[in-house]
Amino acid sequence: MESQPVAIRTTTSVEEGHVQEVVHLAHEELRQLLQQRAEVVRRIGTIKQTIAGLANLFGDGVLSDELLELVDRKSSGRQPGFTKACRMILMDANHHALSARDVCDRIQKKAPPMLARHKDPMASVTAVLNRLVAYGEAKAVSLDNGCRAWLWVADSESELARPQA
């Protein structure tokens, strides 16, 4: 049996150039979309915080049922989720960065049974706070004492959200 010659096709520098151009354009578009998403998440957080502040001042009665649900204030008859609790604590921190210990302490004051369900509450809170950073909702910062803390993004100043002069 005689073997047939195998044709090997190599890419030319012109084809590689086109591929690199497409990759570059896709990368640039992805970067822009991620920036836009971060800006939208920040804006949502700011608006939710404003609405929650107004409800704190004037009572939940000023909000419709739909709005109460959208800003996570409507009581569903069950205990809110752990991530939601961490999110609300950061939002209510009034422009202060909180350590994982601070968040644990505040959850302990508001909903002690919630922490009781976790084998290692500090690790659970830290994981949630890091997830909120990945979602673009929080920002990790370093305190003066070198400890890590988290800040709700609506409270932080972002170079991305600020228009360039």
# chains A, B, ... in the order shown; residues from 1 in each chain; ligands from 1
>>> select_by_dssp(residues="chain A", states="alpha helix (DSSP H)", output="PyMOL selection string")
chain A and resi 13-58+65-70+82-91+100-110+112-116+121-134
>>> select_by_dssp(residues="chain A", states="strand (DSSP E)", output="list in words")
Ala138, Lys139, Ala140, Val141, Ser142, Arg148, Ala149, Trp150, Leu151 and Trp152 of chain A
>>> closest_atom_pairs(of="region 60-154 of chain A", to="region 37-41 of chain A", cutoff="12 Å", atoms="only C-alpha atoms", output="JSON lines")
{"residue": "A:Leu132", "atom": "CA", "partner": "A:Val41", "partner_atom": "CA", "distance": 10.9}
{"residue": "A:Val133", "atom": "CA", "partner": "A:Ala38", "partner_atom": "CA", "distance": 10.5}
{"residue": "A:Ala134", "atom": "CA", "partner": "A:Ala38", "partner_atom": "CA", "distance": 10.1}
{"residue": "A:Tyr135", "atom": "CA", "partner": "A:Ala38", "partner_atom": "CA", "distance": 8.3}
{"residue": "A:Gly136", "atom": "CA", "partner": "A:Ala38", "partner_atom": "CA", "distance": 5.6}
{"residue": "A:Glu137", "atom": "CA", "partner": "A:Val41", "partner_atom": "CA", "distance": 6.4}
{"residue": "A:Ala138", "atom": "CA", "partner": "A:Val41", "partner_atom": "CA", "distance": 9.8}
{"residue": "A:Lys139", "atom": "CA", "partner": "A:Ala38", "partner_atom": "CA", "distance": 11.3}
{"residue": "A:Trp152", "atom": "CA", "partner": "A:Val41", "partner_atom": "CA", "distance": 10.9}
{"residue": "A:Val153", "atom": "CA", "partner": "A:Val41", "partner_atom": "CA", "distance": 8.6}
{"residue": "A:Ala154", "atom": "CA", "partner": "A:Val41", "partner_atom": "CA", "distance": 8.8}
>>> write_last_selection(atoms="C-alpha atoms", output="CSV table (one decimal), in the first residue's frame")
chain,number,residue,atom,x,y,z
A,132,LEU,CA,-19.0,41.2,45.2
A,133,VAL,CA,-15.7,42.6,44.0
A,134,ALA,CA,-15.8,40.2,41.0
A,135,TYR,CA,-19.4,41.4,40.3
A,136,GLY,CA,-18.2,45.0,40.3
A,137,GLU,CA,-20.3,45.9,43.3
A,138,ALA,CA,-17.6,46.3,45.8
A,139,LYS,CA,-13.9,47.4,45.9
A,152,TRP,CA,-19.4,49.6,48.3
A,153,VAL,CA,-18.5,50.9,44.8
A,154,ALA,CA,-21.1,53.6,44.8
>>> closest_residue(among="A:Lys110, A:Leu30, A:Ala127, A:Leu70", to="Ile89 (chain A)", atoms="only C-alpha atoms")
A:Lys110
>>> atom_distance(atom1="CA of Pro112 (chain A)", atom2="CA of Ala149 (chain A)")
21.7 Å
>>> atom_distance(atom1="CA of Val22 (chain A)", atom2="CA of Leu34 (chain A)")
18.2 Å
>>> residues_around(residues="region 54-56 of chain A", least_positions_apart="6", cutoff="10 Å", atoms="only C-alpha atoms", output="MDAnalysis selection string")
chainID A and resid 48 62:63 68 73
>>> write_last_selection(atoms="N, CA and C atoms", output="compact mmCIF listing (two decimals), in the first residue's frame")
# COMPACT_ATOMS: atom_id res chain seq x y z
N LYS A 48 -29.82 52.53 44.06
CA LYS A 48 -30.40 51.72 45.12
C LYS A 48 -30.10 52.33 46.49
N VAL A 62 -43.14 55.03 51.30
CA VAL A 62 -42.97 55.88 50.12
C VAL A 62 -42.59 55.07 48.88
N LEU A 63 -42.33 53.79 49.06
CA LEU A 63 -41.92 52.93 47.94
C LEU A 63 -43.03 51.97 47.57
N LEU A 68 -39.76 48.22 46.42
CA LEU A 68 -39.25 47.56 47.62
C LEU A 68 -38.50 46.29 47.26
N ARG A 73 -35.74 45.43 49.93
CA ARG A 73 -36.29 45.81 51.23
C ARG A 73 -37.61 45.12 51.52
>>> closest_residue(among="A:Leu129, A:Val141, A:Leu57, A:Ala52", to="Arg87 (chain A)", atoms="only C-alpha atoms")
A:Leu129
>>> residues_around(residues="region 123-125 of chain A", least_positions_apart="2", cutoff="8 Å", atoms="only C-alpha atoms", output="ChimeraX atom specification")
/A:86,100,103-104,118,120-121,127-129
>>> closest_residue(among="A:Lys109, A:Arg148, A:Arg117, A:Arg101", to="Gly81 (chain A)", atoms="only C-alpha atoms")
A:Arg117
>>> atom_distance(atom1="CA of Phe82 (chain A)", atom2="CA of Leu98 (chain A)")
16.3 Å
